[in-house]
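To be precise, the following lines are structure-v5.pdb, and they hold PDB, C-alpha atoms.
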```
ATOM      1  CA  MET A 173      65.797  85.241  57.460
ATOM      2  CA  ARG A 174      69.286  84.399  56.409
ATOM      3  CA  TYR A 175      70.663  81.669  58.624
ATOM      4  CA  LEU A 176      73.815  83.586  59.529
ATOM      5  CA  LEU A 177      74.176  83.753  63.285
ATOM      6  CA  VAL A 178      77.549  85.438  63.635
ATOM      7  CA  ASP A 179      77.864  89.209  63.049
ATOM      8  CA  HIS A 180      81.489  89.850  63.830
ATOM      9  CA  ILE A 181      84.691  87.907  64.499
ATOM     10  CA  THR A 182      86.881  89.789  66.957
ATOM     11  CA  GLY A 183      89.756  87.365  67.480
ATOM     12  CA  ILE A 184      91.057  84.048  66.216
ATOM     13  CA  ASP A 185      93.886  81.719  67.154
ATOM     14  CA  PRO A 186      93.881  78.958  64.458
ATOM     15  CA  ASP A 187      93.282  75.398  65.740
ATOM     16  CA  LYS A 188      92.688  76.807  69.226
ATOM     17  CA  SER A 189      90.015  79.441  69.706
ATOM     18  CA  ILE A 190      87.792  82.095  68.176
ATOM     19  CA  ARG A 191      85.878  85.084  69.571
ATOM     20  CA  GLY A 192      83.002  87.008  68.071
ATOM     21  CA  ILE A 193      79.691  88.799  68.394
ATOM     22  CA  LYS A 194      76.044  88.054  67.692
ATOM     23  CA  ASN A 195      73.675  90.998  68.021
ATOM     24  CA  VAL A 196      70.070  90.174  68.856
ATOM     25  CA  ALA A 197      67.679  92.429  66.915
ATOM     26  CA  MET A 198      63.925  92.837  67.339
ATOM     27  CA  THR A 199      63.622  92.193  63.585
ATOM     28  CA  GLU A 200      64.759  88.572  63.946
ATOM     29  CA  ASP A 201      61.997  86.345  62.679
ATOM     30  CA  PHE A 202      62.374  83.774  65.423
ATOM     31  CA  LEU A 203      61.361  86.312  68.083
ATOM     32  CA  GLU A 204      57.784  86.377  66.770
ATOM     33  CA  PHE A 205      57.130  82.893  68.099
ATOM     34  CA  HIS A 206      59.801  82.634  70.768
ATOM     35  CA  PHE A 207      57.861  83.636  72.634
ATOM     36  CA  PRO A 208      54.579  85.368  71.762
ATOM     37  CA  ARG A 209      54.666  88.797  73.453
ATOM     38  CA  ASN A 210      57.902  87.791  75.212
ATOM     39  CA  PRO A 211      60.826  87.856  72.754
ATOM     40  CA  ILE A 212      63.833  85.824  73.883
ATOM     41  CA  MET A 213      66.589  84.537  71.618
ATOM     42  CA  PRO A 214      66.065  80.749  71.392
ATOM     43  CA  GLY A 215      68.713  78.751  73.237
ATOM     44  CA  VAL A 216      69.400  76.498  70.266
ATOM     45  CA  MET A 217      70.000  79.565  68.086
ATOM     46  CA  LEU A 218      72.771  80.582  70.493
ATOM     47  CA  LEU A 219      74.108  77.029  70.195
ATOM     48  CA  GLU A 220      73.962  77.484  66.400
ATOM     49  CA  SER A 221      75.934  80.742  66.761
ATOM     50  CA  LEU A 222      78.617  78.781  68.622
ATOM     51  CA  ALA A 223      78.534  76.021  65.958
ATOM     52  CA  GLN A 224      78.921  78.613  63.163
ATOM     53  CA  MET A 225      81.836  80.191  65.057
ATOM     54  CA  THR A 226      83.406  76.716  65.123
ATOM     55  CA  GLY A 227      82.813  76.528  61.359
ATOM     56  CA  TRP A 228      84.851  79.713  60.933
ATOM     57  CA  LEU A 229      87.573  78.349  63.232
ATOM     58  CA  SER A 230      87.775  75.172  61.086
ATOM     59  CA  ALA A 231      87.780  77.203  57.869
ATOM     60  CA  VAL A 232      90.567  79.556  58.912
ATOM     61  CA  SER A 233      92.599  76.727  60.483
ATOM     62  CA  SER A 234      92.454  74.743  57.199
ATOM     63  CA  ASP A 235      92.922  77.641  54.729
ATOM     64  CA  PHE A 236      89.215  77.407  53.838
ATOM     65  CA  ASP A 237      89.350  73.686  53.058
ATOM     66  CA  ARG A 238      87.006  72.420  55.840
ATOM     67  CA  TRP A 239      83.793  73.500  57.576
ATOM     68  CA  PHE A 240      82.527  72.219  60.923
ATOM     69  CA  VAL A 241      79.032  70.813  61.460
ATOM     70  CA  ILE A 242      77.758  69.839  64.888
ATOM     71  CA  GLY A 243      77.183  66.151  65.674
ATOM     72  CA  ASN A 244      77.191  65.724  69.452
ATOM     73  CA  VAL A 245      76.345  68.001  72.316
ATOM     74  CA  LEU A 246      77.814  66.574  75.500
ATOM     75  CA  GLN A 247      76.163  69.268  77.573
ATOM     76  CA  CYS A 248      74.648  72.674  76.997
ATOM     77  CA  LYS A 249      73.648  74.678  80.018
ATOM     78  CA  TYR A 250      71.560  77.857  79.957
ATOM     79  CA  TYR A 251      72.163  80.398  82.697
ATOM     80  CA  GLY A 252      70.048  83.238  81.406
ATOM     81  CA  PHE A 253      68.335  84.735  78.382
ATOM     82  CA  ALA A 254      69.546  86.908  75.533
ATOM     83  CA  TYR A 255      66.980  89.604  74.724
ATOM     84  CA  PRO A 256      66.478  91.946  71.751
ATOM     85  CA  GLY A 257      69.138  94.655  71.965
ATOM     86  CA  ASP A 258      71.678  92.371  73.596
ATOM     87  CA  GLN A 259      75.140  91.968  72.166
ATOM     88  CA  VAL A 260      76.144  88.362  72.731
ATOM     89  CA  GLU A 261      79.866  87.736  73.133
ATOM     90  CA  LEU A 262      80.777  84.336  71.723
ATOM     91  CA  GLU A 263      83.899  82.305  72.412
ATOM     92  CA  VAL A 264      84.797  78.799  71.283
ATOM     93  CA  THR A 265      87.926  76.996  72.457
ATOM     94  CA  VAL A 266      89.275  73.532  71.659
ATOM     95  CA  SER A 267      89.057  71.855  75.057
ATOM     96  CA  GLY A 268      90.054  68.251  74.358
ATOM     97  CA  GLU A 269      89.602  65.242  72.100
ATOM     98  CA  ASP A 270      86.954  62.547  71.880
ATOM     99  CA  ASP A 271      87.591  58.766  71.483
ATOM    100  CA  GLN A 272      88.170  59.164  67.745
ATOM    101  CA  GLY A 273      90.655  61.979  68.228
ATOM    102  CA  SER A 274      88.248  64.666  66.998
ATOM    103  CA  PRO A 275      88.300  67.967  68.866
ATOM    104  CA  ILE A 276      85.822  68.708  71.631
ATOM    105  CA  TYR A 277      84.859  72.386  71.760
ATOM    106  CA  LEU A 278      83.894  74.481  74.718
ATOM    107  CA  GLY A 279      81.610  77.312  73.684
ATOM    108  CA  MET A 280      80.522  80.213  75.819
ATOM    109  CA  ALA A 281      77.994  82.984  75.209
ATOM    110  CA  LYS A 282      77.931  86.042  77.466
ATOM    111  CA  VAL A 283      75.989  89.294  77.569
ATOM    112  CA  GLY A 284      77.701  92.229  79.274
ATOM    113  CA  GLY A 285      80.257  89.792  80.674
ATOM    114  CA  ARG A 286      77.553  87.630  82.265
ATOM    115  CA  LYS A 287      77.444  83.952  81.342
ATOM    116  CA  LYS A 288      74.321  82.906  79.401
ATOM    117  CA  VAL A 289      75.273  79.620  77.733
ATOM    118  CA  VAL A 290      78.084  77.119  78.239
ATOM    119  CA  ALA A 291      78.186  74.238  75.762
ATOM    120  CA  GLU A 292      80.521  71.343  75.172
ATOM    121  CA  PHE A 293      80.153  69.819  71.708
ATOM    122  CA  SER A 294      81.871  67.976  68.881
ATOM    123  CA  GLY A 295      81.136  67.157  65.263
ATOM    124  CA  GLN A 296      82.709  66.570  61.910
ATOM    125  CA  THR A 297      84.302  68.750  59.292
ATOM    126  CA  LEU A 298      83.098  68.631  55.699
ATOM    127  CA  PRO A 299      84.886  69.845  52.553
ATOM    128  CA  LEU A 300      83.983  73.540  52.397
ATOM    129  CA  SER A 301      83.976  73.482  48.582
ATOM    130  CA  ASP A 302      81.073  70.955  48.687
ATOM    131  CA  LEU A 303      78.982  73.375  50.770
ATOM    132  CA  ASP A 304      79.767  76.883  49.531
ATOM    133  CA  GLU A 305      81.827  78.746  46.974
ATOM    134  CA  VAL A 306      85.185  79.049  48.742
ATOM    135  CA  GLU A 307      85.789  82.554  47.378
ATOM    136  CA  ASP A 308      82.395  83.711  48.724
ATOM    137  CA  LYS A 309      83.332  82.314  52.106
ATOM    138  CA  ARG A 310      86.685  84.120  52.077
ATOM    139  CA  ARG A 311      84.920  87.405  51.284
ATOM    140  CA  GLU A 312      82.369  86.773  54.027
ATOM    141  CA  TYR A 313      85.233  86.191  56.452
ATOM    142  CA  GLN A 314      86.777  89.543  55.453
ATOM    143  CA  VAL A 315      83.470  91.243  56.253
ATOM    144  CA  LEU A 316      83.197  89.486  59.612
ATOM    145  CA  THR A 317      86.791  90.317  60.583
ATOM    146  CA  ARG A 318      86.761  93.937  59.341
ATOM    147  CA  SER A 319      88.249  95.236  62.596
ATOM    148  CA  LEU A 320      91.109  92.740  62.758
ATOM    149  CA  PRO A 321      94.553  93.683  61.397
ATOM    150  CA  ARG A 322      95.145  92.170  57.934
ATOM    151  CA  ARG A 323      97.801  89.501  57.750
TER
ATOM    152  CA  MET B  27      60.624  82.320  59.657
ATOM    153  CA  ARG B  28      58.065  80.903  62.013
ATOM    154  CA  PHE B  29      59.983  79.299  64.816
ATOM    155  CA  LEU B  30      57.757  76.228  65.073
ATOM    156  CA  TYR B  31      59.400  72.884  64.559
ATOM    157  CA  TYR B  32      56.535  70.453  64.415
ATOM    158  CA  ASP B  33      53.612  70.351  61.982
ATOM    159  CA  ARG B  34      51.204  68.375  64.073
ATOM    160  CA  VAL B  35      50.878  66.218  67.163
ATOM    161  CA  ASP B  36      49.740  62.643  66.522
ATOM    162  CA  ARG B  37      49.766  61.052  69.940
ATOM    163  CA  LEU B  38      49.688  62.605  73.370
ATOM    164  CA  THR B  39      49.563  60.799  76.717
ATOM    165  CA  LYS B  40      49.357  63.067  79.720
ATOM    166  CA  GLY B  41      52.419  62.871  81.958
ATOM    167  CA  GLU B  42      54.050  60.300  79.686
ATOM    168  CA  SER B  43      54.728  60.843  76.009
ATOM    169  CA  ILE B  44      54.118  62.834  72.848
ATOM    170  CA  VAL B  45      54.630  61.980  69.176
ATOM    171  CA  GLY B  46      54.756  64.714  66.546
ATOM    172  CA  ILE B  47      55.491  65.084  62.878
ATOM    173  CA  LYS B  48      57.791  67.616  61.221
ATOM    174  CA  SER B  49      58.332  67.930  57.476
ATOM    175  CA  PHE B  50      61.509  69.432  56.082
ATOM    176  CA  PRO B  51      60.762  71.152  52.748
ATOM    177  CA  LEU B  52      63.349  73.082  50.761
ATOM    178  CA  SER B  53      61.259  76.217  51.400
ATOM    179  CA  GLU B  54      62.401  76.411  55.060
ATOM    180  CA  GLU B  55      64.013  79.774  55.765
ATOM    181  CA  PHE B  56      67.044  78.231  57.442
ATOM    182  CA  PHE B  57      68.310  76.919  54.107
ATOM    183  CA  ARG B  58      69.158  80.524  53.154
ATOM    184  CA  GLY B  59      72.865  80.456  53.892
ATOM    185  CA  HIS B  60      72.959  76.833  55.032
ATOM    186  CA  HIS B  61      74.507  76.292  52.533
ATOM    187  CA  ARG B  62      74.797  77.859  49.069
ATOM    188  CA  LYS B  63      75.826  74.751  47.109
ATOM    189  CA  VAL B  64      73.834  72.206  49.103
ATOM    190  CA  ALA B  65      70.861  72.606  51.436
ATOM    191  CA  LEU B  66      71.548  70.868  54.752
ATOM    192  CA  VAL B  67      69.210  70.789  57.730
ATOM    193  CA  PRO B  68      71.116  72.383  60.632
ATOM    194  CA  GLY B  69      71.572  69.775  63.372
ATOM    195  CA  VAL B  70      70.328  72.187  66.064
ATOM    196  CA  ILE B  71      66.906  72.329  64.380
ATOM    197  CA  PHE B  72      66.346  68.715  65.463
ATOM    198  CA  ILE B  73      67.221  69.713  69.032
ATOM    199  CA  GLU B  74      64.669  72.537  68.865
ATOM    200  CA  ALA B  75      61.997  70.202  67.422
ATOM    201  CA  MET B  76      62.527  67.685  70.225
ATOM    202  CA  ALA B  77      62.631  70.415  72.882
ATOM    203  CA  GLN B  78      59.433  72.114  71.647
ATOM    204  CA  LEU B  79      57.398  68.905  71.699
ATOM    205  CA  LEU B  80      58.694  67.746  75.071
ATOM    206  CA  GLY B  81      58.075  71.235  76.451
ATOM    207  CA  TRP B  82      54.448  71.125  75.280
ATOM    208  CA  LEU B  83      54.014  67.655  76.794
ATOM    209  CA  THR B  84      55.097  69.076  80.151
ATOM    210  CA  ILE B  85      52.817  72.104  79.857
ATOM    211  CA  TYR B  86      49.871  69.947  78.735
ATOM    212  CA  SER B  87      50.508  67.435  81.538
ATOM    213  CA  TYR B  88      50.147  70.234  84.094
ATOM    214  CA  ASP B  89      47.007  71.694  82.489
ATOM    215  CA  PHE B  90      48.738  74.794  81.074
ATOM    216  CA  LYS B  91      49.380  76.211  84.555
ATOM    217  CA  PHE B  92      52.992  77.017  83.749
ATOM    218  CA  THR B  93      55.306  77.346  80.805
ATOM    219  CA  ALA B  94      58.513  75.340  80.408
ATOM    220  CA  VAL B  95      61.813  76.898  79.322
ATOM    221  CA  MET B  96      64.775  74.737  78.382
ATOM    222  CA  SER B  97      67.626  75.074  80.890
ATOM    223  CA  LEU B  98      69.935  72.148  80.077
ATOM    224  CA  ILE B  99      70.489  69.584  77.324
ATOM    225  CA  GLU B 100      72.747  66.567  77.615
ATOM    226  CA  GLY B 101      73.803  63.620  75.493
ATOM    227  CA  VAL B 102      72.662  64.966  72.123
ATOM    228  CA  LYS B 103      73.357  63.229  68.824
ATOM    229  CA  VAL B 104      72.300  64.923  65.597
ATOM    230  CA  THR B 105      72.815  64.269  61.904
ATOM    231  CA  SER B 106      74.027  67.407  60.157
ATOM    232  CA  THR B 107      74.209  66.058  56.606
ATOM    233  CA  LEU B 108      70.519  65.641  55.717
ATOM    234  CA  ARG B 109      69.036  67.296  52.647
ATOM    235  CA  PRO B 110      65.373  68.436  52.743
ATOM    236  CA  GLY B 111      62.493  66.388  51.385
ATOM    237  CA  PHE B 112      61.825  64.095  54.329
ATOM    238  CA  THR B 113      59.402  63.895  57.199
ATOM    239  CA  ALA B 114      60.597  63.176  60.721
ATOM    240  CA  GLU B 115      58.637  61.584  63.513
ATOM    241  CA  ILE B 116      59.564  63.074  66.849
ATOM    242  CA  GLN B 117      59.012  60.988  69.962
ATOM    243  CA  ALA B 118      59.482  62.443  73.425
ATOM    244  CA  GLU B 119      58.982  61.091  76.922
ATOM    245  CA  LEU B 120      58.595  62.908  80.189
ATOM    246  CA  ILE B 121      60.746  61.166  82.798
ATOM    247  CA  SER B 122      60.291  63.288  85.882
ATOM    248  CA  ALA B 123      58.474  66.487  86.798
ATOM    249  CA  ASN B 124      57.607  68.581  89.817
ATOM    250  CA  ARG B 125      56.324  72.105  90.316
ATOM    251  CA  ARG B 126      59.679  73.756  89.683
ATOM    252  CA  ASP B 127      61.233  71.745  86.874
ATOM    253  CA  SER B 128      60.974  68.689  84.672
ATOM    254  CA  TYR B 129      63.062  66.563  82.374
ATOM    255  CA  GLY B 130      62.685  64.017  79.621
ATOM    256  CA  CYS B 131      64.298  62.446  76.577
ATOM    257  CA  ALA B 132      63.467  62.470  72.861
ATOM    258  CA  ARG B 133      64.420  61.166  69.451
ATOM    259  CA  CYS B 134      63.741  61.892  65.767
ATOM    260  CA  LEU B 135      63.115  59.105  63.280
ATOM    261  CA  VAL B 136      63.072  59.260  59.483
ATOM    262  CA  ASP B 137      61.590  56.130  57.859
ATOM    263  CA  GLY B 138      62.169  54.312  61.129
ATOM    264  CA  GLN B 139      65.829  55.305  61.290
ATOM    265  CA  GLU B 140      67.049  57.504  64.135
ATOM    266  CA  VAL B 141      68.570  60.792  62.938
ATOM    267  CA  ALA B 142      68.726  62.644  66.262
ATOM    268  CA  SER B 143      68.360  61.927  69.958
ATOM    269  CA  VAL B 144      68.764  63.641  73.278
ATOM    270  CA  ASP B 145      69.259  61.804  76.572
ATOM    271  CA  ARG B 146      68.106  64.624  78.793
ATOM    272  CA  ILE B 147      66.352  67.952  78.331
ATOM    273  CA  LEU B 148      65.716  69.880  81.525
ATOM    274  CA  TYR B 149      63.099  72.645  81.759
ATOM    275  CA  ALA B 150      62.586  75.345  84.315
ATOM    276  CA  HIS B 151      58.923  76.185  84.909
ATOM    277  CA  SER B 152      57.492  79.670  84.978
ATOM    278  CA  ARG B 153      54.064  80.358  86.436
ATOM    279  CA  GLN B 154      53.750  83.798  84.830
ATOM    280  CA  VAL B 155      51.298  82.543  82.230
ATOM    281  CA  ASP B 156      47.734  82.888  81.060
ATOM    282  CA  PRO B 157      46.617  79.211  80.973
ATOM    283  CA  GLU B 158      43.760  79.892  78.522
ATOM    284  CA  ALA B 159      46.070  81.691  76.066
ATOM    285  CA  LEU B 160      48.625  78.891  76.381
ATOM    286  CA  LYS B 161      45.937  76.302  75.708
ATOM    287  CA  GLN B 162      44.830  78.149  72.559
ATOM    288  CA  LEU B 163      48.412  78.324  71.313
ATOM    289  CA  PHE B 164      48.839  74.597  71.817
ATOM    290  CA  SER B 165      45.596  73.921  69.985
ATOM    291  CA  TYR B 166      46.790  75.987  67.010
ATOM    292  CA  TYR B 167      50.317  74.562  67.004
ATOM    293  CA  SER B 168      49.399  70.918  67.457
ATOM    294  CA  GLY B 169      46.115  70.645  65.564
ATOM    295  CA  THR B 170      44.500  69.153  68.655
ATOM    296  CA  GLY B 171      41.387  70.328  70.479
ATOM    297  CA  GLY B 172      38.226  71.798  68.928
ATOM    298  CA  ASP B 173      35.402  69.798  67.402
ATOM    299  CA  THR B 174      36.012  70.045  63.655
ATOM    300  CA  PRO B 175      37.925  67.075  62.227
ATOM    301  CA  TRP B 176      40.452  68.979  60.105
ATOM    302  CA  LEU B 177      41.537  66.894  57.160
ATOM    303  CA  SER B 178      45.218  67.652  57.631
ATOM    304  CA  ASN B 179      45.190  65.774  60.892
ATOM    305  CA  PRO B 180      44.425  62.086  60.278
ATOM    306  CA  GLY B 181      46.082  61.055  63.519
ATOM    307  CA  ARG B 182      43.647  63.206  65.436
ATOM    308  CA  ILE B 183      43.618  62.880  69.192
TER
END
```
Structure re-expressed in structure tokens:
Amino acid sequence: MRYLLVDHITGIDPDKSIRGIKNVAMTEDFLEFHFPRNPIMPGVMLLESLAQMTGWLSAVSSDFDRWFVIGNVLQCKYYGFAYPGDQVELEVTVSGEDDQGSPIYLGMAKVGGRKKVVAEFSGQTLPLSDLDEVEDKRREYQVLTRSLPRR
Amino acid sequence: MRFLYYDRVDRLTKGESIVGIKSFPLSEEFFRGHHRKVALVPGVIFIEAMAQLLGWLTIYSYDFKFTAVMSLIEGVKVTSTLRPGFTAEIQAELISANRRDSYGCARCLVDGQEVASVDRILYAHSRQVDPEALKQLFSYYSGTGGDTPWLSNPGRI
């Protein structure tokens, strides 16, 4: 399984917020063991979707210079499950700052408009060029934002 | 990818604590895409490892009569800049439990140094389970139970 937990970016406001989609498919490897005979998208994988969305927000806000990695989860609350076939609507918004002046993010995952996960988290940004080829990342972003008007 | 984030259980005290081991080899599926120039263990994997072990401690403590599903996590610190090639010891404690829910705390150590911790993981319990099937799963996952002293499990319970 490729560890790519965002399928589509549907809106972005640099330095402020990002919206996107994660589709849950029966083919996902993690559903075999989570849980046996009762496939449910693991809660931490939804948290990872929100963290990867925040990565894209950092990348676009810095002209692909920085990428976000999660460091602290203040709180993450699960209200319901995401099942195979669900389309999870993801939204991450900058909601404040921590003691060091780093952004705190509020992430939300919904299915059919119903709240499934609300998470407040922070982390650090790393130089994107240390992690990935920047040009690859730009192309990946074009794929993820295919429905957005080109700037 | 097999969504199992511990390799064995070394110590288990009913109603109190669990200690498990998880190795992080470069062959883990999650390194595909995370990232291309450097392999970094995603911080959330530590959360899952801690949550899986604490969840099993709860289920084991109540004789496999229910299953535990994570409903809240609070006060989490994770390191998101670790390359593979290490083994983590995961320690978890059950703080409080009743029929409906339970909560505990956990941490991950690498060579005695803490790389992740969570102050509070809350679980909701579900009684729609087959206790015998759950027990067998735990035996397979943890390397506990049965009479044969498997060599991969020196810290056998």
Can you check which parts of chain B lie within 9 Å of chain A? Per residue, the shortest pair of atoms and distance in Å to one decimal, counting all atoms listed in the file, sorted by chain and number, as CSV.
```
residue,atom,partner,partner_atom,distance
B:Met27,CA,A:Asp201,CA,5.2
B:Arg28,CA,A:Phe202,CA,6.2
B:Phe29,CA,A:Phe202,CA,5.1
B:Leu30,CA,A:Phe205,CA,7.3
B:Glu55,CA,A:Met173,CA,6.0
B:Phe56,CA,A:Tyr175,CA,5.1
B:Phe57,CA,A:Tyr175,CA,7.0
B:Arg58,CA,A:Arg174,CA,5.1
B:Gly59,CA,A:Tyr175,CA,5.4
B:His60,CA,A:Tyr175,CA,6.4
B:His61,CA,A:Leu303,CA,5.6
B:Arg62,CA,A:Asp304,CA,5.1
B:Lys63,CA,A:Leu303,CA,5.0
B:Val64,CA,A:Leu303,CA,5.5
B:Ala65,CA,A:Leu303,CA,8.2
B:Leu66,CA,A:Leu303,CA,8.8
B:Pro68,CA,A:Val241,CA,8.1
B:Gly69,CA,A:Ile242,CA,6.4
B:Val70,CA,A:Val216,CA,6.1
B:Ile71,CA,A:Val216,CA,7.6
B:Ile73,CA,A:Val216,CA,7.2
B:Glu74,CA,A:Val216,CA,6.3
B:Met96,CA,A:Gly215,CA,7.6
B:Ser97,CA,A:Tyr250,CA,4.9
B:Leu98,CA,A:Lys249,CA,4.5
B:Ile99,CA,A:Cys248,CA,5.2
B:Glu100,CA,A:Gln247,CA,4.4
B:Gly101,CA,A:Leu246,CA,5.0
B:Val102,CA,A:Val245,CA,4.8
B:Lys103,CA,A:Asn244,CA,4.6
B:Val104,CA,A:Gly243,CA,5.0
B:Thr105,CA,A:Gly243,CA,6.1
B:Ser106,CA,A:Val241,CA,6.2
B:Thr107,CA,A:Val241,CA,8.3
B:Val144,CA,A:Val245,CA,8.8
```
Atom CA of B:Ala94 and atom CA of B:Ile47, how far apart in Å? 20.5 Å
Explicit residue set for the PyMOL selection byres ((chain A and resi 191) around 12), as a ChimeraX atom specification: /A:178-186,188-190,192-194,221-222,224-226,228-229,260-265,278-282,316-317,320
Restricting the output to C-alpha atoms, write the selected residues as a PDB file, in the coordinates of the input.
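Saved as selection.pdb:
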```pdb
ATOM      1  CA  VAL A 178      77.549  85.438  63.635  1.00  0.00           C
ATOM      2  CA  ASP A 179      77.864  89.209  63.049  1.00  0.00           C
ATOM      3  CA  HIS A 180      81.489  89.850  63.830  1.00  0.00           C
ATOM      4  CA  ILE A 181      84.691  87.907  64.499  1.00  0.00           C
ATOM      5  CA  THR A 182      86.881  89.789  66.957  1.00  0.00           C
ATOM      6  CA  GLY A 183      89.756  87.365  67.480  1.00  0.00           C
ATOM      7  CA  ILE A 184      91.057  84.048  66.216  1.00  0.00           C
ATOM      8  CA  ASP A 185      93.886  81.719  67.154  1.00  0.00           C
ATOM      9  CA  PRO A 186      93.881  78.958  64.458  1.00  0.00           C
ATOM     10  CA  LYS A 188      92.688  76.807  69.226  1.00  0.00           C
ATOM     11  CA  SER A 189      90.015  79.441  69.706  1.00  0.00           C
ATOM     12  CA  ILE A 190      87.792  82.095  68.176  1.00  0.00           C
ATOM     13  CA  GLY A 192      83.002  87.008  68.071  1.00  0.00           C
ATOM     14  CA  ILE A 193      79.691  88.799  68.394  1.00  0.00           C
ATOM     15  CA  LYS A 194      76.044  88.054  67.692  1.00  0.00           C
ATOM     16  CA  SER A 221      75.934  80.742  66.761  1.00  0.00           C
ATOM     17  CA  LEU A 222      78.617  78.781  68.622  1.00  0.00           C
ATOM     18  CA  GLN A 224      78.921  78.613  63.163  1.00  0.00           C
ATOM     19  CA  MET A 225      81.836  80.191  65.057  1.00  0.00           C
ATOM     20  CA  THR A 226      83.406  76.716  65.123  1.00  0.00           C
ATOM     21  CA  TRP A 228      84.851  79.713  60.933  1.00  0.00           C
ATOM     22  CA  LEU A 229      87.573  78.349  63.232  1.00  0.00           C
ATOM     23  CA  VAL A 260      76.144  88.362  72.731  1.00  0.00           C
ATOM     24  CA  GLU A 261      79.866  87.736  73.133  1.00  0.00           C
ATOM     25  CA  LEU A 262      80.777  84.336  71.723  1.00  0.00           C
ATOM     26  CA  GLU A 263      83.899  82.305  72.412  1.00  0.00           C
ATOM     27  CA  VAL A 264      84.797  78.799  71.283  1.00  0.00           C
ATOM     28  CA  THR A 265      87.926  76.996  72.457  1.00  0.00           C
ATOM     29  CA  LEU A 278      83.894  74.481  74.718  1.00  0.00           C
ATOM     30  CA  GLY A 279      81.610  77.312  73.684  1.00  0.00           C
ATOM     31  CA  MET A 280      80.522  80.213  75.819  1.00  0.00           C
ATOM     32  CA  ALA A 281      77.994  82.984  75.209  1.00  0.00           C
ATOM     33  CA  LYS A 282      77.931  86.042  77.466  1.00  0.00           C
ATOM     34  CA  LEU A 316      83.197  89.486  59.612  1.00  0.00           C
ATOM     35  CA  THR A 317      86.791  90.317  60.583  1.00  0.00           C
ATOM     36  CA  LEU A 320      91.109  92.740  62.758  1.00  0.00           C
TER      37      LEU A 320
END
```
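Across B:Thr170, B:Thr93, B:Thr113, B:Ser128, the tightest approach to B:Val155 is made by B:Thr93 when counting only C-alpha atoms.
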Find the residues near B:Ser43: any atom within 7 Å, counting all atoms listed in the file, skip ones fewer than 4 places away on the same chain, and give them as a VMD selection string. chain B and resid 38 to 39 83 118 to 120
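Distances from B:Gly111, B:Val45, B:Ser53, B:Trp82 to B:Tyr167 were compared using all atoms listed in the file, and the smallest one belongs to B:Trp82.
Nearest residue to B:Cys131 among B:Glu42, B:Asp33, B:Asp156, B:Asp89 is B:Glu42, counting all atoms listed in the file.
Put simply, atom CA of A:Glu312 is 23.0 Å away from atom CA of A:Tyr277.
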Within 8 Å of B:Met76 using only C-alpha atoms, minus same-chain residues under 4 positions, as a PyMOL selection string: chain B and resi 72+80+116-118+132-134
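With distances taken over all atoms listed in the file, A:Thr297 is the one residue among A:Gln314, A:Asn195, A:Gln272, A:Thr297 lying closest to A:Trp239.
Here atom CA of B:Ser165 and atom CA of B:His151 stand 20.1 Å from one another.
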Can you tell me, as JSON, the centre and edge lengths (Å, one decimal) of the axis-aligned box enclosing all of stretch 217-223 of chain A's listed atoms after padding each side by 5 Å?
```
{"center_x": 74.3, "center_y": 78.4, "center_z": 68.2, "size_x": 18.6, "size_y": 14.7, "size_z": 14.5}
```
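Among the candidates B:Thr84, B:Ser49, B:Gln139, B:Gln154, the residue lying nearest to B:Ile121 is B:Thr84 (atoms considered: all atoms listed in the file).
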